[in-house]
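Enquirer: Below are the structure tokens for one structure; questions will follow.
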Amino acid sequence: MEKEPFEKMADDMQTDAPKEGMSLMQALKEVLRKAQIHDGLARGLRECVKALDRRQAYFCVLAEDCDEASYSQLIKALCAQHSIDLIMVPHKAGLAEWVGITKYDKDMNPKKAGKCSCCVVKDFGEESDALHVILDHFKKQ
């Protein structure tokens, strides 16, 4: 007997095997988008410092091309003081896109490109393969 389309999708979704070859940046992008959907992100210096001080953060993401050296030093010091994991990404424009700061027009072309030097994940939203990739990365460090 042929399965209904929804049952086929449910069978496909139940595979727990991690995606082969998923890089850390791909996994980070997916986790940040899911956290954004579930309102689990703190973006910008003020929100990140609050979340780090209150120890509400699971991990922090900092852009390597941050303009202010004191900004980077503060975030790194707070992460080290409170034993919060830190991931460095190469560009703040890419981080802004991942956390939903970049605005798009109706044709999905970037209309207003934002920049984000730091964000903190306070709530993952849901468990995924990408989350396991990131957690495995932290265990290896």
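By order in the structure tokens, chains are A, B, ...; within a chain, residues start at 1; ligands start at 1, following the order shown.
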Show me, as number ranges by chain, the residues that have an atom within 6 Å of Cys119 of chain A when counting only C-alpha atoms, minus same-chain residues fewer than 6 positions from it.
Expert: A: 42-43, 60-61
Enquirer: As a ChimeraX atom specification, please: all residues of chain A that backbone DSSP puts in alpha helix (DSSP H).
Expert: /A:5-13,24-37,45-53,69-81,92-98,129-140
Enquirer: Which polymer residues have any atom within 10 Å of an atom of segment 44-54 of chain A, counting only C-alpha atoms, with same-chain residues fewer than 4 positions away left out, as an mmCIF file with C-alpha atoms, in the first residue's frame?
Expert:
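Okay, out32.cif is ready:
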data_model
loop_
_atom_site.group_PDB
_atom_site.id
_atom_site.type_symbol
_atom_site.label_atom_id
_atom_site.label_comp_id
_atom_site.auth_asym_id
_atom_site.auth_seq_id
_atom_site.Cartn_x
_atom_site.Cartn_y
_atom_site.Cartn_z
ATOM 1 C CA TYR A 58 24.788 29.135 25.414
ATOM 2 C CA PHE A 59 27.467 30.538 23.125
ATOM 3 C CA CYS A 60 28.610 33.789 21.556
ATOM 4 C CA VAL A 61 29.529 34.643 17.949
ATOM 5 C CA TYR A 71 34.480 45.857 21.683
ATOM 6 C CA SER A 72 36.211 42.568 20.853
ATOM 7 C CA LEU A 74 35.061 43.126 26.177
ATOM 8 C CA ILE A 75 33.174 40.266 24.543
ATOM 9 C CA LEU A 78 33.077 38.254 29.367
ATOM 10 C CA CYS A 79 33.031 34.900 27.584
ATOM 11 C CA GLN A 81 35.020 35.072 32.754
ATOM 12 C CA HIS A 82 31.682 33.248 32.576
ATOM 13 C CA SER A 83 32.984 30.149 30.706
ATOM 14 C CA ILE A 84 30.817 30.761 27.652
ATOM 15 C CA ALA A 96 24.236 40.329 9.974
ATOM 16 C CA LYS A 115 26.488 44.843 10.014
ATOM 17 C CA CYS A 116 26.594 42.847 13.220
ATOM 18 C CA SER A 117 29.830 42.284 15.096
ATOM 19 C CA CYS A 118 28.419 40.130 17.869
ATOM 20 C CA CYS A 119 25.443 37.956 18.736
ATOM 21 C CA VAL A 120 24.584 35.584 21.553
ATOM 22 C CA VAL A 121 22.409 32.474 21.371
ATOM 23 C CA LYS A 122 20.108 32.345 24.399
#
Enquirer: Which residue is closest to Lys112 of chain A? Choose from A:Ala130, A:Ala57, A:Ala93, A:Ala27 and count only C-alpha atoms.
Expert: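 Smallest distance to Lys112 of chain A is found for A:Ala93.
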Enquirer: Write out as a PyMOL selection string the residues lying within 8 Å of Pro90 of chain A, counting only C-alpha atoms and excluding same-chain residues fewer than 4 positions away.
Expert: chain A and resi 63-65
Enquirer: Keeping only N, CA, C and O atoms, take the residues you just selected and write them out as a PDB file, in the first residue's frame.
Expert:
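Dumped everything to again_8.pdb:
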ATOM      1  N   ALA A  63      32.543  38.662  15.210  1.00  0.00           N
ATOM      2  CA  ALA A  63      33.145  38.856  13.893  1.00  0.00           C
ATOM      3  C   ALA A  63      34.607  39.253  14.047  1.00  0.00           C
ATOM      4  O   ALA A  63      34.950  40.076  14.898  1.00  0.00           O
ATOM      5  N   GLU A  64      35.461  38.659  13.226  1.00  0.00           N
ATOM      6  CA  GLU A  64      36.891  38.965  13.279  1.00  0.00           C
ATOM      7  C   GLU A  64      37.206  40.368  12.757  1.00  0.00           C
ATOM      8  O   GLU A  64      38.197  40.962  13.170  1.00  0.00           O
ATOM      9  N   ASP A  65      36.366  40.895  11.861  1.00  0.00           N
ATOM     10  CA  ASP A  65      36.637  42.211  11.289  1.00  0.00           C
ATOM     11  C   ASP A  65      35.924  43.342  12.040  1.00  0.00           C
ATOM     12  O   ASP A  65      35.573  44.362  11.459  1.00  0.00           O
TER      13      ASP A  65
END
Enquirer: I need the residues in segment 15-104 of chain A that are strand (DSSP E) according to DSSP; give them as an MDAnalysis selection string.
Expert: chainID A and resid 41:43 59:63 85:89 103:104
Enquirer: Generate the output file for the selected residues, N, CA, C and O atoms, as a PDB file, in the first residue's frame.
Expert:
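Result file is again.pdb:
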ATOM      1  N   LEU A  41      17.932  35.050  20.154  1.00  0.00           N
ATOM      2  CA  LEU A  41      19.177  35.752  19.838  1.00  0.00           C
ATOM      3  C   LEU A  41      19.242  37.099  20.532  1.00  0.00           C
ATOM      4  O   LEU A  41      18.238  37.791  20.665  1.00  0.00           O
ATOM      5  N   ALA A  42      20.440  37.459  20.944  1.00  0.00           N
ATOM      6  CA  ALA A  42      20.742  38.820  21.392  1.00  0.00           C
ATOM      7  C   ALA A  42      21.762  39.364  20.398  1.00  0.00           C
ATOM      8  O   ALA A  42      22.788  38.738  20.156  1.00  0.00           O
ATOM      9  N   ARG A  43      21.456  40.515  19.788  1.00  0.00           N
ATOM     10  CA  ARG A  43      22.322  41.067  18.748  1.00  0.00           C
ATOM     11  C   ARG A  43      22.796  42.445  19.175  1.00  0.00           C
ATOM     12  O   ARG A  43      22.042  43.225  19.752  1.00  0.00           O
ATOM     13  N   PHE A  59      26.196  30.189  23.745  1.00  0.00           N
ATOM     14  CA  PHE A  59      27.467  30.538  23.125  1.00  0.00           C
ATOM     15  C   PHE A  59      27.354  31.901  22.465  1.00  0.00           C
ATOM     16  O   PHE A  59      26.277  32.446  22.300  1.00  0.00           O
ATOM     17  N   CYS A  60      28.515  32.448  22.121  1.00  0.00           N
ATOM     18  CA  CYS A  60      28.610  33.789  21.556  1.00  0.00           C
ATOM     19  C   CYS A  60      29.310  33.699  20.200  1.00  0.00           C
ATOM     20  O   CYS A  60      30.199  32.872  20.005  1.00  0.00           O
ATOM     21  N   VAL A  61      28.917  34.578  19.277  1.00  0.00           N
ATOM     22  CA  VAL A  61      29.529  34.643  17.949  1.00  0.00           C
ATOM     23  C   VAL A  61      30.072  36.054  17.776  1.00  0.00           C
ATOM     24  O   VAL A  61      29.353  37.035  17.978  1.00  0.00           O
ATOM     25  N   LEU A  62      31.354  36.151  17.412  1.00  0.00           N
ATOM     26  CA  LEU A  62      32.020  37.443  17.263  1.00  0.00           C
ATOM     27  C   LEU A  62      32.675  37.512  15.894  1.00  0.00           C
ATOM     28  O   LEU A  62      33.306  36.551  15.457  1.00  0.00           O
ATOM     29  N   ALA A  63      32.543  38.662  15.210  1.00  0.00           N
ATOM     30  CA  ALA A  63      33.145  38.856  13.893  1.00  0.00           C
ATOM     31  C   ALA A  63      34.607  39.253  14.047  1.00  0.00           C
ATOM     32  O   ALA A  63      34.950  40.076  14.898  1.00  0.00           O
ATOM     33  N   ASP A  85      31.230  29.603  25.562  1.00  0.00           N
ATOM     34  CA  ASP A  85      31.954  29.302  24.329  1.00  0.00           C
ATOM     35  C   ASP A  85      31.833  30.446  23.337  1.00  0.00           C
ATOM     36  O   ASP A  85      30.801  31.123  23.256  1.00  0.00           O
ATOM     37  N   LEU A  86      32.890  30.635  22.548  1.00  0.00           N
ATOM     38  CA  LEU A  86      32.967  31.730  21.584  1.00  0.00           C
ATOM     39  C   LEU A  86      33.354  31.171  20.222  1.00  0.00           C
ATOM     40  O   LEU A  86      34.282  30.369  20.120  1.00  0.00           O
ATOM     41  N   ILE A  87      32.629  31.591  19.193  1.00  0.00           N
ATOM     42  CA  ILE A  87      32.953  31.238  17.813  1.00  0.00           C
ATOM     43  C   ILE A  87      33.266  32.527  17.070  1.00  0.00           C
ATOM     44  O   ILE A  87      32.524  33.503  17.180  1.00  0.00           O
ATOM     45  N   MET A  88      34.360  32.518  16.321  1.00  0.00           N
ATOM     46  CA  MET A  88      34.742  33.674  15.512  1.00  0.00           C
ATOM     47  C   MET A  88      34.309  33.425  14.064  1.00  0.00           C
ATOM     48  O   MET A  88      34.539  32.352  13.529  1.00  0.00           O
ATOM     49  N   VAL A  89      33.678  34.435  13.465  1.00  0.00           N
ATOM     50  CA  VAL A  89      33.301  34.381  12.047  1.00  0.00           C
ATOM     51  C   VAL A  89      34.096  35.450  11.311  1.00  0.00           C
ATOM     52  O   VAL A  89      34.476  36.463  11.902  1.00  0.00           O
ATOM     53  N   LYS A 103      18.169  43.770   5.251  1.00  0.00           N
ATOM     54  CA  LYS A 103      16.830  43.934   4.688  1.00  0.00           C
ATOM     55  C   LYS A 103      16.861  43.623   3.195  1.00  0.00           C
ATOM     56  O   LYS A 103      17.827  43.949   2.508  1.00  0.00           O
ATOM     57  N   TYR A 104      15.790  43.010   2.694  1.00  0.00           N
ATOM     58  CA  TYR A 104      15.705  42.600   1.296  1.00  0.00           C
ATOM     59  C   TYR A 104      14.514  43.265   0.619  1.00  0.00           C
ATOM     60  O   TYR A 104      13.498  43.546   1.265  1.00  0.00           O
TER      61      TYR A 104
END
Enquirer: Take atom CA of Gln56 of chain A and atom CA of Gln141 of chain A and report the distance between them in Å, one decimal.
Expert: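 So the two atoms, atom CA of Gln56 of chain A and atom CA of Gln141 of chain A, lie 21.2 Å apart.
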Enquirer: Mind giving me the straight-line distance from atom CA of Thr102 of chain A to atom CA of Leu24 of chain A in Å, one decimal?
Expert: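 Computed distance, atom CA of Thr102 of chain A to atom CA of Leu24 of chain A, equals 21.6 Å.
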